[in-house]
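Dumped start_31.txt below, it's compact mmCIF, N, CA and C atoms:
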```
# COMPACT_ATOMS: atom_id res chain seq x y z
N MET A 1 0.85 -1.17 0.00
CA MET A 1 0.00 0.00 0.00
C MET A 1 0.90 1.23 0.00
N LYS A 2 0.60 2.18 -0.83
CA LYS A 2 1.40 3.39 -0.97
C LYS A 2 0.92 4.46 0.00
N ALA A 3 1.82 4.96 0.82
CA ALA A 3 1.48 6.04 1.75
C ALA A 3 1.46 7.36 0.99
N THR A 4 0.43 8.17 1.23
CA THR A 4 0.30 9.43 0.51
C THR A 4 0.61 10.64 1.38
N GLY A 5 0.50 10.49 2.70
CA GLY A 5 0.73 11.62 3.58
C GLY A 5 -0.43 12.58 3.64
N ILE A 6 -1.55 12.24 3.04
CA ILE A 6 -2.73 13.10 3.03
C ILE A 6 -3.62 12.73 4.21
N VAL A 7 -4.02 13.73 4.98
CA VAL A 7 -4.89 13.51 6.13
C VAL A 7 -6.19 14.27 5.89
N ARG A 8 -7.30 13.62 6.14
CA ARG A 8 -8.62 14.25 6.00
C ARG A 8 -9.40 14.07 7.29
N LYS A 9 -10.27 15.03 7.60
CA LYS A 9 -11.16 14.91 8.76
C LYS A 9 -12.48 14.32 8.31
N VAL A 10 -13.10 13.60 9.22
CA VAL A 10 -14.44 13.05 8.99
C VAL A 10 -15.44 14.11 9.43
N ASP A 11 -16.43 14.41 8.57
CA ASP A 11 -17.42 15.43 8.94
C ASP A 11 -18.51 14.85 9.83
N GLN A 12 -19.49 15.68 10.21
CA GLN A 12 -20.54 15.26 11.15
C GLN A 12 -21.38 14.11 10.61
N LEU A 13 -21.44 13.94 9.30
CA LEU A 13 -22.22 12.85 8.71
C LEU A 13 -21.36 11.62 8.41
N GLY A 14 -20.10 11.65 8.83
CA GLY A 14 -19.21 10.50 8.62
C GLY A 14 -18.55 10.48 7.25
N ARG A 15 -18.59 11.58 6.54
CA ARG A 15 -18.03 11.63 5.18
C ARG A 15 -16.59 12.10 5.20
N ILE A 16 -15.84 11.62 4.21
CA ILE A 16 -14.51 12.15 3.94
C ILE A 16 -14.45 12.48 2.45
N VAL A 17 -13.52 13.35 2.11
CA VAL A 17 -13.34 13.71 0.70
C VAL A 17 -12.10 13.00 0.19
N LEU A 18 -12.24 12.28 -0.93
CA LEU A 18 -11.06 11.68 -1.56
C LEU A 18 -10.34 12.77 -2.35
N PRO A 19 -9.07 12.96 -2.08
CA PRO A 19 -8.33 14.01 -2.79
C PRO A 19 -8.35 13.77 -4.31
N ILE A 20 -8.34 14.84 -5.07
CA ILE A 20 -8.40 14.76 -6.52
C ILE A 20 -7.25 13.92 -7.07
N GLU A 21 -6.08 13.99 -6.42
CA GLU A 21 -4.94 13.20 -6.88
C GLU A 21 -5.25 11.71 -6.85
N MET A 22 -5.92 11.25 -5.78
CA MET A 22 -6.29 9.84 -5.66
C MET A 22 -7.37 9.48 -6.67
N ARG A 23 -8.33 10.36 -6.82
CA ARG A 23 -9.41 10.08 -7.78
C ARG A 23 -8.86 9.99 -9.20
N ARG A 24 -7.92 10.84 -9.53
CA ARG A 24 -7.30 10.77 -10.87
C ARG A 24 -6.49 9.50 -11.02
N LEU A 25 -5.71 9.15 -10.00
CA LEU A 25 -4.89 7.95 -10.03
C LEU A 25 -5.73 6.69 -10.23
N LEU A 26 -6.89 6.63 -9.56
CA LEU A 26 -7.77 5.47 -9.63
C LEU A 26 -8.87 5.60 -10.67
N ASN A 27 -8.84 6.72 -11.43
CA ASN A 27 -9.84 6.98 -12.46
C ASN A 27 -11.26 6.93 -11.87
N ILE A 28 -11.45 7.60 -10.74
CA ILE A 28 -12.76 7.68 -10.10
C ILE A 28 -13.35 9.04 -10.43
N GLY A 29 -14.48 9.04 -11.12
CA GLY A 29 -15.12 10.27 -11.52
C GLY A 29 -16.40 10.53 -10.73
N THR A 30 -17.01 11.66 -11.00
CA THR A 30 -18.27 12.01 -10.37
C THR A 30 -19.31 10.94 -10.69
N ASP A 31 -20.06 10.52 -9.70
CA ASP A 31 -21.11 9.50 -9.80
C ASP A 31 -20.61 8.08 -10.01
N ASP A 32 -19.27 7.85 -10.02
CA ASP A 32 -18.76 6.48 -10.07
C ASP A 32 -19.08 5.80 -8.74
N GLU A 33 -19.27 4.50 -8.79
CA GLU A 33 -19.52 3.75 -7.57
C GLU A 33 -18.21 3.21 -7.02
N VAL A 34 -18.10 3.17 -5.69
CA VAL A 34 -16.93 2.61 -5.03
C VAL A 34 -17.39 1.58 -4.02
N LYS A 35 -16.52 0.61 -3.75
CA LYS A 35 -16.78 -0.39 -2.71
C LYS A 35 -15.97 0.01 -1.48
N ILE A 36 -16.55 -0.17 -0.31
CA ILE A 36 -15.88 0.18 0.94
C ILE A 36 -15.79 -1.08 1.80
N TYR A 37 -14.59 -1.42 2.21
CA TYR A 37 -14.33 -2.61 3.02
C TYR A 37 -13.64 -2.21 4.31
N CYS A 38 -13.76 -3.05 5.32
CA CYS A 38 -12.97 -2.93 6.54
C CYS A 38 -12.03 -4.13 6.58
N ASP A 39 -10.76 -3.86 6.84
CA ASP A 39 -9.75 -4.91 6.95
C ASP A 39 -8.97 -4.63 8.22
N GLU A 40 -9.32 -5.33 9.28
CA GLU A 40 -8.75 -5.11 10.60
C GLU A 40 -8.99 -3.65 11.00
N GLU A 41 -7.96 -2.82 11.00
CA GLU A 41 -8.13 -1.43 11.42
C GLU A 41 -8.08 -0.46 10.24
N ARG A 42 -8.28 -0.94 9.04
CA ARG A 42 -8.20 -0.10 7.85
C ARG A 42 -9.54 -0.04 7.15
N VAL A 43 -9.79 1.09 6.53
CA VAL A 43 -10.94 1.24 5.64
C VAL A 43 -10.37 1.27 4.23
N ILE A 44 -10.87 0.40 3.37
CA ILE A 44 -10.36 0.28 2.00
C ILE A 44 -11.45 0.70 1.04
N VAL A 45 -11.12 1.61 0.15
CA VAL A 45 -12.06 2.10 -0.86
C VAL A 45 -11.51 1.70 -2.22
N THR A 46 -12.31 0.99 -3.01
CA THR A 46 -11.90 0.60 -4.36
C THR A 46 -12.98 1.00 -5.35
N LYS A 47 -12.56 1.28 -6.56
CA LYS A 47 -13.52 1.62 -7.60
C LYS A 47 -14.29 0.36 -7.99
N CYS A 48 -15.60 0.51 -8.13
CA CYS A 48 -16.45 -0.59 -8.57
C CYS A 48 -16.18 -0.86 -10.04
N VAL A 49 -15.93 -2.10 -10.36
CA VAL A 49 -15.76 -2.50 -11.75
C VAL A 49 -16.90 -3.44 -12.10
N LEU A 50 -17.51 -3.20 -13.23
CA LEU A 50 -18.63 -4.02 -13.66
C LEU A 50 -18.11 -5.28 -14.34
N ASN A 51 -18.30 -6.42 -13.69
CA ASN A 51 -17.82 -7.70 -14.19
C ASN A 51 -18.97 -8.66 -14.44
N CYS A 52 -18.81 -9.51 -15.44
CA CYS A 52 -19.76 -10.58 -15.72
C CYS A 52 -19.77 -11.55 -14.54
N ILE A 53 -20.94 -11.98 -14.10
CA ILE A 53 -21.05 -12.89 -12.96
C ILE A 53 -20.55 -14.29 -13.30
N PHE A 54 -20.45 -14.63 -14.58
CA PHE A 54 -20.01 -15.97 -14.97
C PHE A 54 -18.51 -16.06 -15.23
N CYS A 55 -17.96 -15.14 -16.02
CA CYS A 55 -16.56 -15.25 -16.42
C CYS A 55 -15.67 -14.14 -15.86
N GLY A 56 -16.27 -13.10 -15.27
CA GLY A 56 -15.49 -12.02 -14.71
C GLY A 56 -15.06 -10.95 -15.70
N SER A 57 -15.44 -11.10 -16.95
CA SER A 57 -15.05 -10.15 -17.98
C SER A 57 -15.64 -8.77 -17.70
N GLU A 58 -14.87 -7.73 -18.08
CA GLU A 58 -15.35 -6.36 -17.96
C GLU A 58 -15.89 -5.85 -19.29
N ARG A 59 -15.83 -6.67 -20.33
CA ARG A 59 -16.24 -6.23 -21.67
C ARG A 59 -17.74 -6.34 -21.85
N GLU A 60 -18.32 -5.33 -22.42
CA GLU A 60 -19.74 -5.31 -22.81
C GLU A 60 -20.69 -5.87 -21.76
N PRO A 61 -20.71 -5.30 -20.54
CA PRO A 61 -21.63 -5.85 -19.54
C PRO A 61 -23.08 -5.43 -19.81
N TYR A 62 -23.98 -6.37 -19.64
CA TYR A 62 -25.42 -6.14 -19.76
C TYR A 62 -26.06 -6.56 -18.44
N TYR A 63 -27.18 -5.94 -18.12
CA TYR A 63 -27.94 -6.38 -16.95
C TYR A 63 -28.99 -7.39 -17.39
N PHE A 64 -29.05 -8.52 -16.69
CA PHE A 64 -30.08 -9.54 -16.90
C PHE A 64 -30.60 -9.92 -15.53
N LYS A 65 -31.84 -9.60 -15.28
CA LYS A 65 -32.46 -9.86 -13.97
C LYS A 65 -31.59 -9.33 -12.83
N ARG A 66 -31.15 -8.07 -13.00
CA ARG A 66 -30.36 -7.34 -12.02
C ARG A 66 -28.98 -7.93 -11.77
N LYS A 67 -28.48 -8.73 -12.69
CA LYS A 67 -27.12 -9.28 -12.63
C LYS A 67 -26.39 -8.88 -13.89
N LEU A 68 -25.06 -8.69 -13.78
CA LEU A 68 -24.26 -8.34 -14.95
C LEU A 68 -23.80 -9.59 -15.68
N ILE A 69 -23.91 -9.55 -16.99
CA ILE A 69 -23.48 -10.66 -17.83
C ILE A 69 -22.89 -10.08 -19.11
N CYS A 70 -21.77 -10.64 -19.57
CA CYS A 70 -21.13 -10.12 -20.78
C CYS A 70 -21.81 -10.68 -22.02
N LYS A 71 -21.52 -10.09 -23.15
CA LYS A 71 -22.13 -10.48 -24.43
C LYS A 71 -21.79 -11.93 -24.78
N VAL A 72 -20.54 -12.34 -24.52
CA VAL A 72 -20.13 -13.71 -24.85
C VAL A 72 -20.95 -14.72 -24.04
N CYS A 73 -21.05 -14.52 -22.73
CA CYS A 73 -21.84 -15.44 -21.90
C CYS A 73 -23.31 -15.38 -22.27
N LEU A 74 -23.81 -14.20 -22.57
CA LEU A 74 -25.20 -14.06 -22.99
C LEU A 74 -25.46 -14.88 -24.25
N ASP A 75 -24.53 -14.82 -25.21
CA ASP A 75 -24.67 -15.60 -26.44
C ASP A 75 -24.60 -17.10 -26.16
N GLU A 76 -23.79 -17.50 -25.16
CA GLU A 76 -23.70 -18.92 -24.81
C GLU A 76 -24.97 -19.41 -24.12
N ILE A 77 -25.59 -18.53 -23.35
CA ILE A 77 -26.80 -18.90 -22.61
C ILE A 77 -28.02 -18.96 -23.53
N ALA A 78 -28.05 -18.14 -24.55
CA ALA A 78 -29.21 -18.07 -25.44
C ALA A 78 -29.63 -19.44 -25.98
N PRO A 79 -28.70 -20.29 -26.46
CA PRO A 79 -29.13 -21.62 -26.93
C PRO A 79 -29.69 -22.48 -25.81
N VAL A 80 -29.16 -22.33 -24.59
CA VAL A 80 -29.67 -23.09 -23.45
C VAL A 80 -31.12 -22.70 -23.17
N GLU A 81 -31.38 -21.41 -23.20
CA GLU A 81 -32.74 -20.92 -22.97
C GLU A 81 -33.69 -21.41 -24.07
N ALA A 82 -33.17 -21.58 -25.27
CA ALA A 82 -34.01 -22.03 -26.39
C ALA A 82 -34.09 -23.55 -26.46
N GLY A 83 -33.45 -24.26 -25.52
CA GLY A 83 -33.50 -25.72 -25.49
C GLY A 83 -32.53 -26.37 -26.46
N GLN A 84 -31.50 -25.65 -26.87
CA GLN A 84 -30.55 -26.18 -27.84
C GLN A 84 -29.20 -26.50 -27.22
N ALA A 85 -29.12 -26.62 -25.92
CA ALA A 85 -27.84 -26.87 -25.26
C ALA A 85 -27.33 -28.26 -25.59
N ARG A 86 -26.01 -28.38 -25.74
CA ARG A 86 -25.37 -29.66 -25.98
C ARG A 86 -25.02 -30.27 -24.64
N SER A 87 -25.41 -31.50 -24.40
CA SER A 87 -25.16 -32.12 -23.10
C SER A 87 -23.68 -32.40 -22.91
N GLY A 88 -23.24 -32.30 -21.65
CA GLY A 88 -21.88 -32.62 -21.30
C GLY A 88 -20.89 -31.51 -21.50
N GLU A 89 -21.28 -30.41 -22.07
CA GLU A 89 -20.35 -29.32 -22.31
C GLU A 89 -20.50 -28.26 -21.24
N ASP A 90 -19.42 -27.96 -20.59
CA ASP A 90 -19.38 -26.92 -19.59
C ASP A 90 -18.28 -25.94 -19.99
N ALA A 91 -18.30 -25.46 -21.20
CA ALA A 91 -17.22 -24.62 -21.70
C ALA A 91 -17.26 -23.26 -20.99
N VAL A 92 -16.11 -22.85 -20.55
CA VAL A 92 -15.95 -21.53 -19.95
C VAL A 92 -14.94 -20.79 -20.79
N HIS A 93 -15.32 -19.60 -21.27
CA HIS A 93 -14.39 -18.83 -22.08
C HIS A 93 -13.53 -17.95 -21.20
N GLY A 94 -12.39 -17.56 -21.72
CA GLY A 94 -11.49 -16.65 -20.99
C GLY A 94 -11.98 -15.24 -21.09
N GLY A 95 -11.72 -14.42 -20.06
CA GLY A 95 -12.22 -13.07 -20.08
C GLY A 95 -11.25 -12.06 -19.86
```
Please render this file's structure as structure tokens.
Amino acid sequence: MKATGIVRKVDQLGRIVLPIEMRRLLNIGTDDEVKIYCDEERVIVTKCVLNCIFCGSEREPYYFKRKLICKVCLDEIAPVEAGQARSGEDAVHGG
């Protein structure tokens, strides 16, 4: 973990401001979503990345029943939904 030397105060509502330097470094823009974790005595903030729930790909994510799925997985699932799945195949593509 890289030390930055930047100190921020927590306001009355529990908010802190991420310095512009960090937001630029992590490519976090206005209205981007971030994940917040606790790890022992640390608070970790990471940029949310939209990944396919099946292969983890970040390419062409679509929402299907409130879950993210990439175009490749969506195309693989379409024959299954239409009853055209080949038995015994559990092919997983790289992402």
Might I get the box with edges along x, y and z of the file that holds all atoms of region 48-64 of chain A listed there, padded by 3 Å on every side, given as centre and edge lengths in Å to one decimal, as lines of an AutoDock Vina configuration file?
```
center_x = -22.7
center_y = -7.8
center_z = -15.5
size_x = 21.7
size_y = 22.6
size_z = 20.7
```
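Close contacts of Leu50 (chain A), defined as residues with an atom at most 8 Å away when counting only C-alpha atoms, with chain neighbours fewer than 2 positions off set aside, comprise A:Cys48, A:Cys52, A:Glu58, A:Pro61, A:Leu68.
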>> Between CA of Ile20 (chain A) and CA of Ile6 (chain A), what distance in Å does the model show, to one decimal?
In response: 11.2 Å
> What separation in Å, quoted to one decimal, exists between atom N of Arg15 (chain A) and CA of Glu33 (chain A)?
Replying inline: 16.2 Å
>> Just to confirm, what's the straight-line distance from atom N of Glu41 (chain A) to atom C of Gly29 (chain A) in Å (one decimal)?
In response: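 Calculated distance between atom N of Glu41 (chain A) and atom C of Gly29 (chain A) is 26.9 Å.
Nearest residue to Arg59 (chain A) among A:Val17, A:Ile36, A:Val72, A:Lys47 is A:Val72, counting all atoms listed in the file.
Nearest residue to Gly56 (chain A), choosing from A:Leu74, A:Ile69, A:Met22, A:Ile16 and counting only C-alpha atoms: A:Ile69.
Residue nearest Val34 (chain A) within the list A:Asp11, A:Lys67, A:Val49, A:Glu21: A:Val49 [criterion: smallest interatomic distance, all atoms listed in the file].
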As a CSV table (one decimal), keeping the file's coordinate frame, could you write out region 32-43 of chain A once it has been completed with N, CA, C and O atoms?
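Result file part_37.csv:
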```csv
chain,number,residue,atom,x,y,z
A,32,ASP,N,-19.3,7.8,-10.0
A,32,ASP,CA,-18.8,6.5,-10.1
A,32,ASP,C,-19.1,5.8,-8.7
A,32,ASP,O,-19.1,6.5,-7.7
A,33,GLU,N,-19.3,4.5,-8.8
A,33,GLU,CA,-19.5,3.8,-7.6
A,33,GLU,C,-18.2,3.2,-7.0
A,33,GLU,O,-17.3,2.9,-7.8
A,34,VAL,N,-18.1,3.2,-5.7
A,34,VAL,CA,-16.9,2.6,-5.0
A,34,VAL,C,-17.4,1.6,-4.0
A,34,VAL,O,-18.5,1.6,-3.5
A,35,LYS,N,-16.5,0.6,-3.8
A,35,LYS,CA,-16.8,-0.4,-2.7
A,35,LYS,C,-16.0,0.0,-1.5
A,35,LYS,O,-14.8,0.5,-1.6
A,36,ILE,N,-16.6,-0.2,-0.3
A,36,ILE,CA,-15.9,0.2,0.9
A,36,ILE,C,-15.8,-1.1,1.8
A,36,ILE,O,-16.8,-1.7,2.0
A,37,TYR,N,-14.6,-1.4,2.2
A,37,TYR,CA,-14.3,-2.6,3.0
A,37,TYR,C,-13.6,-2.2,4.3
A,37,TYR,O,-13.0,-1.2,4.4
A,38,CYS,N,-13.8,-3.0,5.3
A,38,CYS,CA,-13.0,-2.9,6.5
A,38,CYS,C,-12.0,-4.1,6.6
A,38,CYS,O,-12.4,-5.3,6.4
A,39,ASP,N,-10.8,-3.9,6.8
A,39,ASP,CA,-9.8,-4.9,7.0
A,39,ASP,C,-9.0,-4.6,8.2
A,39,ASP,O,-8.1,-3.8,8.2
A,40,GLU,N,-9.3,-5.3,9.3
A,40,GLU,CA,-8.8,-5.1,10.6
A,40,GLU,C,-9.0,-3.6,11.0
A,40,GLU,O,-10.1,-3.3,11.2
A,41,GLU,N,-8.0,-2.8,11.0
A,41,GLU,CA,-8.1,-1.4,11.4
A,41,GLU,C,-8.1,-0.5,10.2
A,41,GLU,O,-7.9,0.7,10.4
A,42,ARG,N,-8.3,-0.9,9.0
A,42,ARG,CA,-8.2,-0.1,7.8
A,42,ARG,C,-9.5,0.0,7.2
A,42,ARG,O,-10.3,-1.0,7.2
A,43,VAL,N,-9.8,1.1,6.5
A,43,VAL,CA,-10.9,1.2,5.6
A,43,VAL,C,-10.4,1.3,4.2
A,43,VAL,O,-9.5,2.1,3.9
```
